[in-house]
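This is model-v1.cif (mmCIF, C-alpha atoms).
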```cif
data_final
loop_
_atom_site.group_PDB
_atom_site.id
_atom_site.type_symbol
_atom_site.label_atom_id
_atom_site.label_comp_id
_atom_site.auth_asym_id
_atom_site.auth_seq_id
_atom_site.Cartn_x
_atom_site.Cartn_y
_atom_site.Cartn_z
ATOM 1 C CA MET A 1 -16.654 6.255 3.559
ATOM 2 C CA ILE A 2 -13.489 8.272 2.797
ATOM 3 C CA SER A 3 -13.209 9.466 6.400
ATOM 4 C CA ASP A 4 -13.236 5.811 7.460
ATOM 5 C CA LEU A 5 -10.012 5.103 5.552
ATOM 6 C CA SER A 6 -6.629 5.224 7.230
ATOM 7 C CA PHE A 7 -4.130 7.831 6.061
ATOM 8 C CA ARG A 8 -2.031 5.249 4.223
ATOM 9 C CA GLU A 9 -5.067 3.800 2.518
ATOM 10 C CA LYS A 10 -6.139 7.246 1.347
ATOM 11 C CA SER A 11 -2.588 7.776 0.127
ATOM 12 C CA ALA A 12 -2.689 4.448 -1.753
ATOM 13 C CA TRP A 13 -5.967 5.398 -3.452
ATOM 14 C CA ALA A 14 -4.663 8.829 -4.440
ATOM 15 C CA MET A 15 -1.296 7.587 -5.684
ATOM 16 C CA GLY A 16 -2.986 4.691 -7.471
ATOM 17 C CA ALA A 17 -5.335 7.043 -9.308
ATOM 18 C CA LEU A 18 -2.469 9.384 -10.159
ATOM 19 C CA SER A 19 -0.139 6.640 -11.413
ATOM 20 C CA LEU A 20 -2.969 5.061 -13.404
ATOM 21 C CA ALA A 21 -3.688 8.423 -15.066
ATOM 22 C CA ILE A 22 0.020 8.922 -15.823
ATOM 23 C CA THR A 23 0.263 5.382 -17.233
ATOM 24 C CA ILE A 24 -2.758 5.951 -19.505
ATOM 25 C CA LEU A 25 -1.337 9.292 -20.674
ATOM 26 C CA TYR A 26 1.989 7.629 -21.397
ATOM 27 C CA LEU A 27 0.329 4.747 -23.257
ATOM 28 C CA ILE A 28 -1.565 7.246 -25.410
ATOM 29 C CA ASP A 29 1.680 9.133 -26.031
ATOM 30 C CA VAL A 30 3.532 6.013 -27.221
ATOM 31 C CA GLN A 31 0.559 4.486 -29.019
ATOM 32 C CA PRO A 32 2.411 3.736 -32.296
ATOM 33 C CA ILE A 33 4.584 1.317 -30.285
ATOM 34 C CA SER A 34 4.704 -2.250 -31.631
ATOM 35 C CA TRP A 35 6.428 -5.064 -29.755
ATOM 36 C CA ARG A 36 5.911 -7.416 -32.688
ATOM 37 C CA THR A 37 7.603 -5.314 -35.368
ATOM 38 C CA GLY A 38 9.980 -3.625 -32.934
ATOM 39 C CA SER A 39 8.954 -0.085 -33.876
ATOM 40 C CA ALA A 40 8.590 2.634 -31.267
ATOM 41 C CA PRO A 41 8.299 6.421 -31.304
ATOM 42 C CA PRO A 42 11.392 8.317 -30.146
ATOM 43 C CA VAL A 43 11.560 9.570 -26.586
ATOM 44 C CA ASP A 44 10.339 13.159 -26.932
ATOM 45 C CA ARG A 45 9.467 16.156 -24.820
ATOM 46 C CA ASP A 46 6.069 14.741 -23.944
ATOM 47 C CA PHE A 47 7.895 12.205 -21.814
ATOM 48 C CA ILE A 48 9.528 15.020 -19.834
ATOM 49 C CA LYS A 49 6.133 16.737 -19.436
ATOM 50 C CA ILE A 50 4.567 13.513 -18.166
ATOM 51 C CA THR A 51 7.442 12.938 -15.745
ATOM 52 C CA ILE A 52 7.150 16.463 -14.352
ATOM 53 C CA ALA A 53 3.361 16.060 -14.099
ATOM 54 C CA ALA A 54 3.873 12.828 -12.139
ATOM 55 C CA ILE A 55 6.318 14.437 -9.689
ATOM 56 C CA VAL A 56 4.282 17.617 -9.197
ATOM 57 C CA GLY A 57 1.053 15.602 -8.952
ATOM 58 C CA SER A 58 2.552 13.332 -6.267
ATOM 59 C CA ILE A 59 3.722 16.313 -4.218
ATOM 60 C CA ILE A 60 0.324 18.030 -4.462
ATOM 61 C CA VAL A 61 -1.613 14.861 -3.604
ATOM 62 C CA GLN A 62 0.588 14.038 -0.616
ATOM 63 C CA SER A 63 0.503 17.647 0.608
ATOM 64 C CA ILE A 64 -3.303 17.749 0.484
ATOM 65 C CA LEU A 65 -3.554 14.429 2.326
ATOM 66 C CA ALA A 66 -1.000 15.478 4.940
ATOM 67 C CA ALA A 67 -2.768 18.821 5.486
ATOM 68 C CA GLY A 68 -6.025 16.978 6.134
ATOM 69 C CA ASN A 69 -4.436 14.422 8.489
ATOM 70 C CA PRO A 70 -1.305 16.060 9.979
ATOM 71 C CA LYS A 71 -1.127 13.693 12.967
ATOM 72 C CA ASP A 72 -1.434 10.537 10.859
ATOM 73 C CA ALA A 73 0.949 11.897 8.231
ATOM 74 C CA ASP A 74 3.655 12.428 10.874
ATOM 75 C CA ALA A 75 3.199 9.022 12.477
ATOM 76 C CA PRO A 76 5.326 6.166 11.143
ATOM 77 C CA ALA A 77 3.549 3.132 9.661
ATOM 78 C CA ASP A 78 2.491 0.693 12.358
ATOM 79 C CA GLU A 79 3.231 -3.053 12.298
ATOM 80 C CA ARG A 80 0.180 -4.001 10.205
ATOM 81 C CA GLU A 81 0.739 -1.183 7.725
ATOM 82 C CA ARG A 82 4.422 -2.103 7.385
ATOM 83 C CA LEU A 83 3.376 -5.650 6.565
ATOM 84 C CA VAL A 84 0.929 -4.435 3.902
ATOM 85 C CA LEU A 85 3.487 -2.037 2.397
ATOM 86 C CA ALA A 86 6.186 -4.719 2.345
ATOM 87 C CA ARG A 87 3.926 -7.286 0.741
ATOM 88 C CA ALA A 88 2.664 -4.880 -1.940
ATOM 89 C CA GLY A 89 6.225 -3.680 -2.555
ATOM 90 C CA SER A 90 7.450 -7.236 -2.961
ATOM 91 C CA VAL A 91 4.878 -8.074 -5.648
ATOM 92 C CA SER A 92 5.322 -4.749 -7.447
ATOM 93 C CA GLY A 93 9.078 -5.361 -7.453
ATOM 94 C CA PHE A 94 8.405 -8.643 -9.220
ATOM 95 C CA VAL A 95 6.222 -6.810 -11.795
ATOM 96 C CA LEU A 96 9.051 -4.340 -12.405
ATOM 97 C CA ALA A 97 11.667 -7.084 -12.732
ATOM 98 C CA PHE A 98 9.468 -9.142 -15.046
ATOM 99 C CA GLY A 99 8.769 -6.130 -17.286
ATOM 100 C CA CYS A 100 12.436 -5.150 -17.428
ATOM 101 C CA VAL A 101 13.550 -8.682 -18.308
ATOM 102 C CA ALA A 102 10.801 -8.909 -20.953
ATOM 103 C CA ALA A 103 11.947 -5.567 -22.432
ATOM 104 C CA LEU A 104 15.569 -6.765 -22.454
ATOM 105 C CA LEU A 105 14.641 -10.058 -24.114
ATOM 106 C CA ASN A 106 12.617 -8.126 -26.677
ATOM 107 C CA TYR A 107 15.717 -6.010 -27.305
ATOM 108 C CA LEU A 108 17.590 -9.155 -28.336
ATOM 109 C CA VAL A 109 15.006 -9.710 -31.079
ATOM 110 C CA HIS A 110 14.403 -6.035 -31.970
ATOM 111 C CA PRO A 111 17.494 -3.977 -31.123
ATOM 112 C CA ASN A 112 15.629 -0.698 -30.848
ATOM 113 C CA GLY A 113 16.761 1.552 -27.991
ATOM 114 C CA ASN A 114 13.500 3.523 -27.969
ATOM 115 C CA LEU A 115 11.502 0.345 -27.576
ATOM 116 C CA LEU A 116 13.752 -0.763 -24.721
ATOM 117 C CA PHE A 117 13.324 2.617 -23.022
ATOM 118 C CA HIS A 118 9.537 2.534 -23.346
ATOM 119 C CA GLY A 119 9.435 -1.070 -22.183
ATOM 120 C CA ILE A 120 11.382 -0.367 -19.011
ATOM 121 C CA LEU A 121 9.472 2.826 -18.254
ATOM 122 C CA LEU A 122 6.138 1.073 -18.778
ATOM 123 C CA SER A 123 7.303 -1.667 -16.408
ATOM 124 C CA LEU A 124 8.010 1.001 -13.811
ATOM 125 C CA LEU A 125 4.583 2.587 -14.329
ATOM 126 C CA PHE A 126 2.783 -0.767 -14.185
ATOM 127 C CA SER A 127 4.657 -1.725 -11.031
ATOM 128 C CA THR A 128 3.663 1.586 -9.410
ATOM 129 C CA VAL A 129 0.004 1.010 -10.299
ATOM 130 C CA ALA A 130 0.263 -2.586 -9.051
ATOM 131 C CA GLU A 131 1.814 -1.461 -5.764
ATOM 132 C CA SER A 132 -1.013 0.980 -5.021
ATOM 133 C CA ALA A 133 -3.683 -1.525 -6.101
ATOM 134 C CA LEU A 134 -2.187 -4.228 -3.880
ATOM 135 C CA GLN A 135 -1.918 -1.883 -0.913
ATOM 136 C CA ILE A 136 -5.608 -1.039 -1.301
ATOM 137 C CA PHE A 137 -6.455 -4.738 -1.649
ATOM 138 C CA PHE A 138 -4.505 -5.765 1.469
ATOM 139 C CA PHE A 139 -5.804 -2.827 3.524
ATOM 140 C CA ARG A 140 -9.419 -3.583 2.522
ATOM 141 C CA ARG A 141 -9.090 -7.315 3.038
ATOM 142 C CA ASP A 142 -7.818 -6.915 6.573
ATOM 143 C CA ALA A 143 -10.117 -4.034 7.501
ATOM 144 C CA MET B 144 -3.115 -11.685 6.828
ATOM 145 C CA GLY B 145 -5.185 -13.592 4.295
ATOM 146 C CA LYS B 146 -6.937 -16.521 5.968
ATOM 147 C CA ALA B 147 -8.227 -15.610 9.405
ATOM 148 C CA PRO B 148 -5.524 -16.532 11.935
ATOM 149 C CA PRO B 149 -6.423 -19.143 14.600
ATOM 150 C CA ILE B 150 -5.999 -16.563 17.324
ATOM 151 C CA THR B 151 -9.023 -15.354 19.211
ATOM 152 C CA ASN B 152 -9.162 -12.206 21.262
ATOM 153 C CA ARG B 153 -11.283 -10.423 23.811
ATOM 154 C CA VAL B 154 -9.961 -6.947 23.165
ATOM 155 C CA LYS B 155 -13.413 -5.437 22.724
ATOM 156 C CA LEU B 156 -14.663 -7.027 25.954
ATOM 157 C CA HIS B 157 -11.655 -5.708 27.880
ATOM 158 C CA ARG B 158 -12.183 -2.250 26.405
ATOM 159 C CA MET B 159 -15.713 -2.284 27.739
ATOM 160 C CA LEU B 160 -14.632 -3.668 31.132
ATOM 161 C CA ALA B 161 -11.997 -0.962 31.374
ATOM 162 C CA GLY B 162 -14.662 1.720 31.265
ATOM 163 C CA GLY B 163 -15.298 1.989 27.561
ATOM 164 C CA ILE B 164 -11.870 2.840 26.241
ATOM 165 C CA THR B 165 -12.291 3.813 22.594
ATOM 166 C CA GLN B 166 -10.457 2.051 19.779
ATOM 167 C CA ALA B 167 -8.625 5.297 19.047
ATOM 168 C CA ASP B 168 -7.472 5.659 22.685
ATOM 169 C CA LEU B 169 -6.299 2.048 22.774
ATOM 170 C CA ALA B 170 -4.506 2.516 19.458
ATOM 171 C CA ASP B 171 -2.685 5.599 20.731
ATOM 172 C CA ALA B 172 -1.760 3.856 23.974
ATOM 173 C CA VAL B 173 -0.178 0.825 22.309
ATOM 174 C CA GLY B 174 1.321 2.624 19.302
ATOM 175 C CA VAL B 175 -0.759 1.353 16.379
ATOM 176 C CA THR B 176 -3.490 2.877 14.227
ATOM 177 C CA ARG B 177 -7.197 2.632 15.019
ATOM 178 C CA HIS B 178 -7.612 0.512 11.881
ATOM 179 C CA THR B 179 -5.168 -2.036 13.258
ATOM 180 C CA ILE B 180 -7.200 -2.276 16.485
ATOM 181 C CA ILE B 181 -10.331 -2.794 14.365
ATOM 182 C CA ALA B 182 -8.564 -5.526 12.359
ATOM 183 C CA ILE B 183 -7.410 -7.221 15.598
ATOM 184 C CA GLU B 184 -10.879 -7.108 17.162
ATOM 185 C CA GLN B 185 -12.468 -8.542 14.024
ATOM 186 C CA GLY B 186 -9.898 -11.341 13.965
ATOM 187 C CA HIS B 187 -8.418 -10.281 10.629
ATOM 188 C CA TYR B 188 -4.986 -9.535 11.991
ATOM 189 C CA SER B 189 -2.852 -11.109 14.703
ATOM 190 C CA PRO B 190 -0.763 -8.493 16.513
ATOM 191 C CA SER B 191 2.923 -8.905 17.184
ATOM 192 C CA LEU B 192 3.913 -10.301 20.547
ATOM 193 C CA GLU B 193 5.004 -6.837 21.636
ATOM 194 C CA THR B 194 1.647 -5.275 20.793
ATOM 195 C CA ALA B 195 -0.197 -8.169 22.432
ATOM 196 C CA PHE B 196 1.769 -7.582 25.645
ATOM 197 C CA ARG B 197 1.159 -3.841 25.449
ATOM 198 C CA ILE B 198 -2.593 -4.379 25.087
ATOM 199 C CA ALA B 199 -2.726 -6.888 27.951
ATOM 200 C CA ARG B 200 -0.619 -4.680 30.205
ATOM 201 C CA LEU B 201 -2.854 -1.700 29.490
ATOM 202 C CA PHE B 202 -5.856 -3.698 30.689
ATOM 203 C CA GLY B 203 -3.887 -4.977 33.669
ATOM 204 C CA VAL B 204 -4.291 -8.641 32.742
ATOM 205 C CA GLY B 205 -2.154 -11.401 31.269
ATOM 206 C CA VAL B 206 -1.741 -11.957 27.540
ATOM 207 C CA GLU B 207 -3.715 -15.188 27.700
ATOM 208 C CA ASP B 208 -6.656 -13.339 29.237
ATOM 209 C CA VAL B 209 -6.892 -11.244 26.085
ATOM 210 C CA PHE B 210 -5.635 -13.604 23.376
ATOM 211 C CA GLY B 211 -6.284 -17.290 22.893
ATOM 212 C CA TRP B 212 -5.365 -20.071 20.496
ATOM 213 C CA GLU B 213 -8.252 -21.627 18.619
ATOM 214 C CA GLY B 214 -6.657 -24.920 17.737
#
```

Once more with this new file: its structure as structure tokens, please.
Amino acid sequence: MISDLSFREKSAWAMGALSLAITILYLIDVQPISWRTGSAPPVDRDFIKITIAAIVGSIIVQSILAAGNPKDADAPADERERLVLARAGSVSGFVLAFGCVAALLNYLVHPNGNLLFHGILLSLLFSTVAESALQIFFFRRDA
Amino acid sequence: MGKAPPITNRVKLHRMLAGGITQADLADAVGVTRHTIIAIEQGHYSPSLETAFRIARLFGVGVEDVFGWEG
């Protein structure tokens, strides 16, 4: 099953799982957050740890995938893959923009900088998860 | 993408006629991935004009011998 996946599809699965894990960790970290009352925990060192974990995790995942498929990893995306990546990127960009605008509008009601920060960062995390999920969906649908 | 395009193809037939070229060999020859060849053969993806010409030229036939319009 896994060997039947293209390199970019494997990459989408791996990055999707990683970004989902990071998003869940972040959500647990900022659990006292409340959009209704406008309260949010301050941005602390856990955020830095999660960010570093995300970067290191991405490098490790991509390195393992590239080591297993060096030829595919070197090859540029072909026309179908570019279409899938562009389409997923377009929708995930919308998710990011929507989340950022929602966080900004919430800031007008609850002028809390921490809440704004968490809102924008969560939008980024959700858009990353959405991008990987959509890539998998489009790759599978056209397979 | 999405709804199956109204373009038919005989890529698999031409692969067989050409001596059993594999999907991977065809993919390498025209510059796409094997998964894209699979998607084309199954009618899930319509290749670009350039790729269609490359495939037809590889088989030594015209584009319309490989691809057709189901309309």

Which of these, B:Trp212, B:Arg200, B:Ala182, B:Gly205, has the shortest distance to chain A once you count all atoms listed in the file? B:Ala182

Considering only C-alpha atoms, extract the chain B residues located within 8 Å of chain A and return them as a count of residues only. 13

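When CA of Phe47 (chain A) is paired with CA of Asp29 (chain A), their separation reads 8.1 Å.
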
With 3 Å added on each side, what axis-aligned box encloses every listed atom of region 95-98 of chain A? Give the centre and edge lengths in Å to one decimal, as lines of an AutoDock Vina configuration file.
```
center_x = 8.9
center_y = -6.7
center_z = -13.4
size_x = 11.4
size_y = 10.8
size_z = 9.3
```

Need the shell around Ser123 (chain A): protein/DNA/RNA residues with any atom at most 12 Å away, counting only C-alpha atoms. Skip same-chain ones fewer than 2 positions apart. Format as a PyMOL selection string? chain A and resi 23+26-27+92-104+116-121+125-131
